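What's in final.tsv: TSV, C-alpha atoms
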```tsv
chain	number	residue	atom	x	y	z
A	1	MET	CA	-94.43	51.05	-49.46
A	2	SER	CA	-91.03	51.36	-50.85
A	3	ASP	CA	-89.74	50.71	-47.33
A	4	ALA	CA	-90.92	47.11	-47.40
A	5	SER	CA	-89.15	46.42	-50.69
A	6	GLN	CA	-85.70	47.41	-49.35
A	7	PRO	CA	-83.63	44.71	-47.71
A	8	HIS	CA	-83.57	45.00	-43.94
A	9	HIS	CA	-79.81	44.37	-43.55
A	10	ALA	CA	-78.87	47.30	-45.77
A	11	THR	CA	-79.92	49.85	-43.19
A	12	ASN	CA	-78.07	50.37	-39.95
A	13	PRO	CA	-80.60	50.71	-37.18
A	14	PRO	CA	-79.57	52.92	-34.28
A	15	GLY	CA	-77.41	51.10	-31.73
A	16	SER	CA	-76.04	48.46	-34.10
A	17	HIS	CA	-72.58	47.07	-33.36
A	18	TYR	CA	-69.65	46.59	-35.68
A	19	GLN	CA	-68.37	43.03	-35.77
A	20	PRO	CA	-64.73	42.72	-36.96
A	21	ALA	CA	-63.67	40.03	-39.35
A	22	LEU	CA	-62.34	36.76	-37.96
A	23	SER	CA	-58.82	37.56	-39.14
A	24	VAL	CA	-58.77	40.80	-37.12
A	25	VAL	CA	-59.90	38.92	-34.00
A	26	LEU	CA	-57.18	36.29	-34.48
A	27	ILE	CA	-54.48	38.97	-34.88
A	28	ILE	CA	-55.61	40.65	-31.65
A	29	VAL	CA	-55.54	37.34	-29.76
A	30	VAL	CA	-52.06	36.47	-31.07
A	31	LEU	CA	-50.74	39.90	-30.08
A	32	PHE	CA	-52.23	39.51	-26.61
A	33	VAL	CA	-50.66	36.06	-26.11
A	34	VAL	CA	-47.23	37.28	-27.30
A	35	ALA	CA	-47.41	40.33	-25.02
A	36	ALA	CA	-48.40	38.17	-22.03
A	37	PHE	CA	-45.55	35.74	-22.74
A	38	LEU	CA	-43.00	38.56	-22.94
A	39	MET	CA	-44.25	40.13	-19.71
A	40	LEU	CA	-44.08	36.83	-17.83
A	41	ARG	CA	-40.62	36.09	-19.17
A	42	TYR	CA	-39.43	39.55	-18.11
A	43	VAL	CA	-40.82	39.13	-14.57
A	44	SER	CA	-39.43	35.62	-14.01
A	45	PRO	CA	-36.49	34.76	-16.27
A	46	ALA	CA	-36.13	31.11	-17.18
A	47	SER	CA	-32.61	30.62	-15.84
A	48	PRO	CA	-32.30	27.30	-13.99
A	49	SER	CA	-29.56	28.52	-11.68
A	50	SER	CA	-30.47	29.51	-8.16
A	51	SER	CA	-29.79	33.06	-7.18
A	52	ASN	CA	-28.51	33.71	-3.69
A	53	THR	CA	-28.97	37.35	-2.92
A	54	THR	CA	-27.54	39.26	-0.02
A	55	LEU	CA	-29.63	42.32	0.69
A	56	PRO	CA	-28.63	45.49	2.50
A	57	SER	CA	-28.84	45.36	6.28
A	58	SER	CA	-31.98	47.51	6.29
A	59	GLU	CA	-33.94	44.89	4.32
A	60	THR	CA	-36.04	42.37	6.24
A	61	THR	CA	-36.54	39.91	3.40
A	62	THR	CA	-34.49	38.25	0.73
A	63	THR	CA	-35.27	36.53	-2.53
A	64	LEU	CA	-34.39	32.93	-3.27
A	65	HIS	CA	-35.75	31.04	-6.25
A	66	HIS	CA	-38.29	33.82	-6.79
A	67	LYS	CA	-39.76	33.43	-3.29
A	68	THR	CA	-39.66	36.09	-0.65
A	69	VAL	CA	-38.64	34.79	2.76
A	70	ALA	CA	-38.93	36.96	5.85
A	71	LYS	CA	-36.04	36.94	8.31
A	72	SER	CA	-38.56	36.37	11.10
A	73	SER	CA	-39.44	32.97	9.61
A	74	VAL	CA	-35.83	31.70	9.71
A	75	ARG	CA	-35.11	29.64	12.86
A	76	VAL	CA	-31.68	30.64	14.21
A	77	GLN	CA	-29.93	28.92	17.09
A	78	VAL	CA	-26.85	30.54	18.67
A	79	ALA	CA	-24.69	28.28	20.83
A	80	ASN	CA	-21.75	29.16	23.03
A	81	GLY	CA	-18.71	27.08	22.12
A	82	THR	CA	-16.51	28.86	24.65
A	83	ASN	CA	-16.25	29.15	28.42
A	84	ILE	CA	-17.29	32.83	28.28
A	85	PRO	CA	-20.59	33.19	30.19
A	86	ASN	CA	-23.71	34.53	28.37
A	87	LEU	CA	-21.95	34.87	25.02
A	88	ALA	CA	-24.71	33.07	23.11
A	89	ARG	CA	-27.44	35.04	24.87
A	90	GLY	CA	-25.89	38.36	23.82
A	91	TYR	CA	-25.60	37.34	20.18
A	92	SER	CA	-29.12	35.89	20.18
A	93	GLN	CA	-30.50	39.15	21.50
A	94	GLU	CA	-28.57	41.11	18.87
A	95	LEU	CA	-29.96	38.96	16.04
A	96	LEU	CA	-33.47	39.18	17.51
A	97	THR	CA	-33.35	42.97	17.38
A	98	GLN	CA	-32.37	42.70	13.70
A	99	GLY	CA	-35.49	40.68	12.88
A	100	TRP	CA	-34.24	37.07	12.98
A	101	ASN	CA	-36.25	34.35	14.74
A	102	CYS	CA	-33.66	33.46	17.39
A	103	LEU	CA	-34.12	30.72	19.92
A	104	PRO	CA	-32.68	31.21	23.42
A	105	GLY	CA	-28.88	30.89	23.50
A	106	VAL	CA	-27.48	27.50	24.54
A	107	ASN	CA	-24.12	25.79	25.08
A	108	ALA	CA	-22.64	23.64	22.34
A	109	LEU	CA	-22.51	19.89	23.02
A	110	ALA	CA	-19.66	18.86	25.26
A	111	GLY	CA	-18.23	16.52	22.60
A	112	PHE	CA	-18.27	19.25	19.97
A	113	THR	CA	-14.67	20.40	20.35
A	114	GLY	CA	-11.62	21.16	18.28
A	115	SER	CA	-11.21	24.08	15.93
A	116	HIS	CA	-14.86	25.03	16.35
A	117	LEU	CA	-14.16	26.37	19.82
A	118	LYS	CA	-11.44	28.66	18.51
A	119	ALA	CA	-13.36	30.08	15.55
A	120	THR	CA	-17.06	30.76	15.10
A	121	VAL	CA	-18.87	28.54	12.60
A	122	VAL	CA	-22.23	29.32	10.98
A	123	TYR	CA	-24.08	26.18	9.86
A	124	PHE	CA	-27.09	26.15	7.56
A	125	ASN	CA	-29.66	23.62	6.43
A	126	PRO	CA	-30.52	23.31	2.71
A	127	GLY	CA	-32.06	26.46	1.30
A	128	PHE	CA	-30.75	28.79	4.02
A	129	LYS	CA	-27.24	29.61	2.84
A	130	TRP	CA	-28.42	33.17	2.13
A	131	ALA	CA	-29.48	33.52	5.78
A	132	ALA	CA	-26.16	32.11	7.01
A	133	ILE	CA	-24.29	34.65	4.86
A	134	GLN	CA	-26.36	37.54	6.23
A	135	ILE	CA	-25.97	36.37	9.83
A	136	ALA	CA	-22.21	35.90	9.42
A	137	HIS	CA	-22.02	39.44	8.07
A	138	LYS	CA	-24.07	40.78	11.01
A	139	ILE	CA	-21.92	39.12	13.66
A	140	LYS	CA	-18.73	40.04	11.79
A	141	VAL	CA	-17.63	36.51	10.94
A	142	SER	CA	-15.84	35.58	7.73
A	143	VAL	CA	-17.90	33.89	5.02
A	144	HIS	CA	-15.25	31.16	5.06
A	145	SER	CA	-16.69	30.01	8.39
A	146	ILE	CA	-20.07	29.15	6.80
A	147	GLU	CA	-20.73	25.42	6.34
A	148	ALA	CA	-23.65	23.20	5.36
A	149	MET	CA	-25.01	21.31	8.35
A	150	ASN	CA	-25.13	17.97	6.45
A	151	GLY	CA	-26.82	16.07	9.30
A	152	LEU	CA	-24.49	17.46	11.97
A	153	ARG	CA	-26.21	18.23	15.28
A	154	PRO	CA	-23.94	20.65	17.13
A	155	VAL	CA	-26.72	21.54	19.59
A	156	PRO	CA	-29.75	19.57	20.81
A	157	GLY	CA	-32.67	19.97	18.40
A	158	ALA	CA	-30.53	21.60	15.71
A	159	SER	CA	-31.96	19.40	12.97
A	160	SER	CA	-35.10	21.57	12.84
A	161	ASP	CA	-33.16	24.86	12.91
A	162	ASP	CA	-32.41	26.68	9.67
A	163	VAL	CA	-29.15	28.30	10.83
A	164	VAL	CA	-26.98	27.31	13.80
A	165	VAL	CA	-24.17	29.57	14.99
A	166	ILE	CA	-21.47	28.05	17.20
A	167	LEU	CA	-19.58	30.93	18.77
A	168	GLY	CA	-15.84	30.53	19.15
A	169	HIS	CA	-13.30	32.62	21.02
A	170	ASN	CA	-12.95	34.94	18.02
A	171	SER	CA	-16.50	36.17	18.73
A	172	ALA	CA	-15.80	37.20	22.32
A	173	LYS	CA	-16.73	40.86	22.69
A	174	THR	CA	-14.08	42.82	24.51
```
Just give me the structure as structure tokens.
Amino acid sequence: MSDASQPHHATNPPGSHYQPALSVVLIIVVLFVVAAFLMLRYVSPASPSSSNTTLPSSETTTTLHHKTVAKSSVRVQVANGTNIPNLARGYSQELLTQGWNCLPGVNALAGFTGSHLKATVVYFNPGFKWAAIQIAHKIKVSVHSIEAMNGLRPVPGASSDDVVVILGHNSAKT
């Protein structure tokens, strides 16, 4: 009978669970939130500047603004700005074997003359400067010959291409 006179909450029945105090739960939640914030900040730093990264030649992707872009998704047009037959086709094939999405080689527009015929120029549309730098490196062209396209259409349909290479006489393979 003495069992009925004892308070029920004083005994711990088998299988009972410990419930921590509210302050302990709040401390755990705050530590979790701080740890998550630090991990996210470490993975993606909050610097507003864009980072153009040139990767080694064995890499098939590059990082720009924390996005991974495959070379095969970059539209590259190679145009022959010289009178040397099949020059654009050879360079297009070379870039294709390196993983770039090359369109068939074409001739530059007839009115597109001047210094561009003497020296190769690599044009890029916004967001593809990194690709232009890598392509210029692959075809052994100075980075000084890289220019923003800025609405220029050196070949038919170039407005939808990401990188356009106009081959000059300095790119003639001997």
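Picture a line from CA of Ser72 in chain A to CA of Asn101 in chain A; it runs 4.8 Å.
Between CA of Gly81 in chain A and CA of Val69 in chain A lies a distance of 28.8 Å.
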Exercise for the section: Can you work out the spacing between CA of Lys138 in chain A and CA of Thr97 in chain A in Å, to one decimal? Expected result: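 According to the coordinates, CA of Lys138 in chain A and CA of Thr97 in chain A are separated by 11.5 Å.
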Handout entry: Residues near Ala88 in chain A, cut-off 12 Å, only C-alpha atoms, skip fewer than 2 positions along chain, as a VMD selection string
Key = chain A and resid 76 to 86 90 to 95 102 to 108 120 139 164 to 169 171 to 173
Write a file of the just-selected residues containing C-alpha atoms, as a JSON list (two decimals), in the coordinates of the input.
```
[["chain", "number", "residue", "atom", "x", "y", "z"],
["A", 76, "VAL", "CA", -31.68, 30.64, 14.21],
["A", 77, "GLN", "CA", -29.93, 28.92, 17.09],
["A", 78, "VAL", "CA", -26.85, 30.54, 18.67],
["A", 79, "ALA", "CA", -24.69, 28.28, 20.83],
["A", 80, "ASN", "CA", -21.75, 29.16, 23.03],
["A", 81, "GLY", "CA", -18.71, 27.08, 22.12],
["A", 82, "THR", "CA", -16.51, 28.86, 24.65],
["A", 83, "ASN", "CA", -16.25, 29.15, 28.42],
["A", 84, "ILE", "CA", -17.29, 32.83, 28.28],
["A", 85, "PRO", "CA", -20.59, 33.19, 30.19],
["A", 86, "ASN", "CA", -23.71, 34.53, 28.37],
["A", 90, "GLY", "CA", -25.89, 38.36, 23.82],
["A", 91, "TYR", "CA", -25.60, 37.34, 20.18],
["A", 92, "SER", "CA", -29.12, 35.89, 20.18],
["A", 93, "GLN", "CA", -30.50, 39.15, 21.50],
["A", 94, "GLU", "CA", -28.57, 41.11, 18.87],
["A", 95, "LEU", "CA", -29.96, 38.96, 16.04],
["A", 102, "CYS", "CA", -33.66, 33.46, 17.39],
["A", 103, "LEU", "CA", -34.12, 30.72, 19.92],
["A", 104, "PRO", "CA", -32.68, 31.21, 23.42],
["A", 105, "GLY", "CA", -28.88, 30.89, 23.50],
["A", 106, "VAL", "CA", -27.48, 27.50, 24.54],
["A", 107, "ASN", "CA", -24.12, 25.79, 25.08],
["A", 108, "ALA", "CA", -22.64, 23.64, 22.34],
["A", 120, "THR", "CA", -17.06, 30.76, 15.10],
["A", 139, "ILE", "CA", -21.92, 39.12, 13.66],
["A", 164, "VAL", "CA", -26.98, 27.31, 13.80],
["A", 165, "VAL", "CA", -24.17, 29.57, 14.99],
["A", 166, "ILE", "CA", -21.47, 28.05, 17.20],
["A", 167, "LEU", "CA", -19.58, 30.93, 18.77],
["A", 168, "GLY", "CA", -15.84, 30.53, 19.15],
["A", 169, "HIS", "CA", -13.30, 32.62, 21.02],
["A", 171, "SER", "CA", -16.50, 36.17, 18.73],
["A", 172, "ALA", "CA", -15.80, 37.20, 22.32],
["A", 173, "LYS", "CA", -16.73, 40.86, 22.69]]
```
Exercise for the section: List the neighbours of Val143 in chain A out to 7 Å using all atoms listed in the file; skip same-chain residues closer than 3 positions along the sequence, and give me the result as a list in words. Expected result: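 Result of the neighbour search: Ile133, Ala136 and Ile146 of chain A.
Take the candidates A:Val29, A:Leu87, A:Met39, A:Ala131 and check each one against Ser73 in chain A using all atoms listed in the file; the shortest distance goes to A:Ala131.
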Exercise for the section: Measuring atom to atom with all atoms listed in the file, identify which of A:Val163, A:Val121, A:Leu40, A:Val33 is nearest to Arg75 in chain A. Expected result: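 Counting all atoms listed in the file, the residue closest to Arg75 in chain A is A:Val163.
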If I only have part of range 150-167 of chain A, can you fill in N, CA, C and O atoms and write it as a PDB file, in the coordinates of the input?
```
ATOM      1  N   ASN A 150     -25.332  19.358   6.909  1.00  0.00           N
ATOM      2  CA  ASN A 150     -25.130  17.970   6.450  1.00  0.00           C
ATOM      3  C   ASN A 150     -25.374  16.932   7.545  1.00  0.00           C
ATOM      4  O   ASN A 150     -24.559  16.045   7.761  1.00  0.00           O
ATOM      5  N   GLY A 151     -26.468  17.057   8.272  1.00  0.00           N
ATOM      6  CA  GLY A 151     -26.820  16.070   9.300  1.00  0.00           C
ATOM      7  C   GLY A 151     -26.123  16.265  10.623  1.00  0.00           C
ATOM      8  O   GLY A 151     -26.415  15.551  11.585  1.00  0.00           O
ATOM      9  N   LEU A 152     -25.189  17.185  10.720  1.00  0.00           N
ATOM     10  CA  LEU A 152     -24.490  17.460  11.970  1.00  0.00           C
ATOM     11  C   LEU A 152     -25.466  18.066  12.972  1.00  0.00           C
ATOM     12  O   LEU A 152     -26.310  18.881  12.605  1.00  0.00           O
ATOM     13  N   ARG A 153     -25.353  17.675  14.229  1.00  0.00           N
ATOM     14  CA  ARG A 153     -26.210  18.230  15.280  1.00  0.00           C
ATOM     15  C   ARG A 153     -25.327  18.840  16.370  1.00  0.00           C
ATOM     16  O   ARG A 153     -25.114  18.217  17.409  1.00  0.00           O
ATOM     17  N   PRO A 154     -24.844  20.049  16.142  1.00  0.00           N
ATOM     18  CA  PRO A 154     -23.940  20.650  17.130  1.00  0.00           C
ATOM     19  C   PRO A 154     -24.624  21.069  18.417  1.00  0.00           C
ATOM     20  O   PRO A 154     -23.967  21.254  19.431  1.00  0.00           O
ATOM     21  N   VAL A 155     -25.956  21.228  18.387  1.00  0.00           N
ATOM     22  CA  VAL A 155     -26.720  21.540  19.590  1.00  0.00           C
ATOM     23  C   VAL A 155     -27.975  20.677  19.592  1.00  0.00           C
ATOM     24  O   VAL A 155     -28.443  20.272  18.528  1.00  0.00           O
ATOM     25  N   PRO A 156     -28.529  20.377  20.757  1.00  0.00           N
ATOM     26  CA  PRO A 156     -29.750  19.570  20.810  1.00  0.00           C
ATOM     27  C   PRO A 156     -30.869  20.232  20.005  1.00  0.00           C
ATOM     28  O   PRO A 156     -31.108  21.429  20.121  1.00  0.00           O
ATOM     29  N   GLY A 157     -31.551  19.454  19.184  1.00  0.00           N
ATOM     30  CA  GLY A 157     -32.670  19.970  18.400  1.00  0.00           C
ATOM     31  C   GLY A 157     -32.270  20.759  17.176  1.00  0.00           C
ATOM     32  O   GLY A 157     -33.112  21.372  16.531  1.00  0.00           O
ATOM     33  N   ALA A 158     -31.007  20.770  16.819  1.00  0.00           N
ATOM     34  CA  ALA A 158     -30.530  21.600  15.710  1.00  0.00           C
ATOM     35  C   ALA A 158     -31.033  21.130  14.357  1.00  0.00           C
ATOM     36  O   ALA A 158     -30.989  21.881  13.394  1.00  0.00           O
ATOM     37  N   SER A 159     -31.517  19.905  14.262  1.00  0.00           N
ATOM     38  CA  SER A 159     -31.960  19.400  12.970  1.00  0.00           C
ATOM     39  C   SER A 159     -33.154  20.170  12.432  1.00  0.00           C
ATOM     40  O   SER A 159     -33.367  20.232  11.235  1.00  0.00           O
ATOM     41  N   SER A 160     -33.942  20.791  13.302  1.00  0.00           N
ATOM     42  CA  SER A 160     -35.100  21.570  12.840  1.00  0.00           C
ATOM     43  C   SER A 160     -34.772  23.055  12.698  1.00  0.00           C
ATOM     44  O   SER A 160     -35.632  23.821  12.272  1.00  0.00           O
ATOM     45  N   ASP A 161     -33.558  23.457  13.047  1.00  0.00           N
ATOM     46  CA  ASP A 161     -33.160  24.860  12.910  1.00  0.00           C
ATOM     47  C   ASP A 161     -32.646  25.109  11.502  1.00  0.00           C
ATOM     48  O   ASP A 161     -32.064  24.232  10.879  1.00  0.00           O
ATOM     49  N   ASP A 162     -32.857  26.323  11.009  1.00  0.00           N
ATOM     50  CA  ASP A 162     -32.410  26.680   9.670  1.00  0.00           C
ATOM     51  C   ASP A 162     -30.945  27.103   9.664  1.00  0.00           C
ATOM     52  O   ASP A 162     -30.203  26.792   8.743  1.00  0.00           O
ATOM     53  N   VAL A 163     -30.536  27.835  10.697  1.00  0.00           N
ATOM     54  CA  VAL A 163     -29.150  28.300  10.830  1.00  0.00           C
ATOM     55  C   VAL A 163     -28.726  28.079  12.275  1.00  0.00           C
ATOM     56  O   VAL A 163     -29.473  28.385  13.206  1.00  0.00           O
ATOM     57  N   VAL A 164     -27.531  27.508  12.457  1.00  0.00           N
ATOM     58  CA  VAL A 164     -26.980  27.310  13.800  1.00  0.00           C
ATOM     59  C   VAL A 164     -25.616  27.992  13.828  1.00  0.00           C
ATOM     60  O   VAL A 164     -24.761  27.740  12.979  1.00  0.00           O
ATOM     61  N   VAL A 165     -25.434  28.859  14.818  1.00  0.00           N
ATOM     62  CA  VAL A 165     -24.170  29.570  14.990  1.00  0.00           C
ATOM     63  C   VAL A 165     -23.493  29.023  16.235  1.00  0.00           C
ATOM     64  O   VAL A 165     -24.073  29.043  17.323  1.00  0.00           O
ATOM     65  N   ILE A 166     -22.280  28.503  16.064  1.00  0.00           N
ATOM     66  CA  ILE A 166     -21.470  28.050  17.200  1.00  0.00           C
ATOM     67  C   ILE A 166     -20.400  29.113  17.407  1.00  0.00           C
ATOM     68  O   ILE A 166     -19.520  29.290  16.567  1.00  0.00           O
ATOM     69  N   LEU A 167     -20.509  29.832  18.496  1.00  0.00           N
ATOM     70  CA  LEU A 167     -19.580  30.930  18.770  1.00  0.00           C
ATOM     71  C   LEU A 167     -18.256  30.400  19.292  1.00  0.00           C
ATOM     72  O   LEU A 167     -18.221  29.589  20.224  1.00  0.00           O
TER      73      LEU A 167
END
```
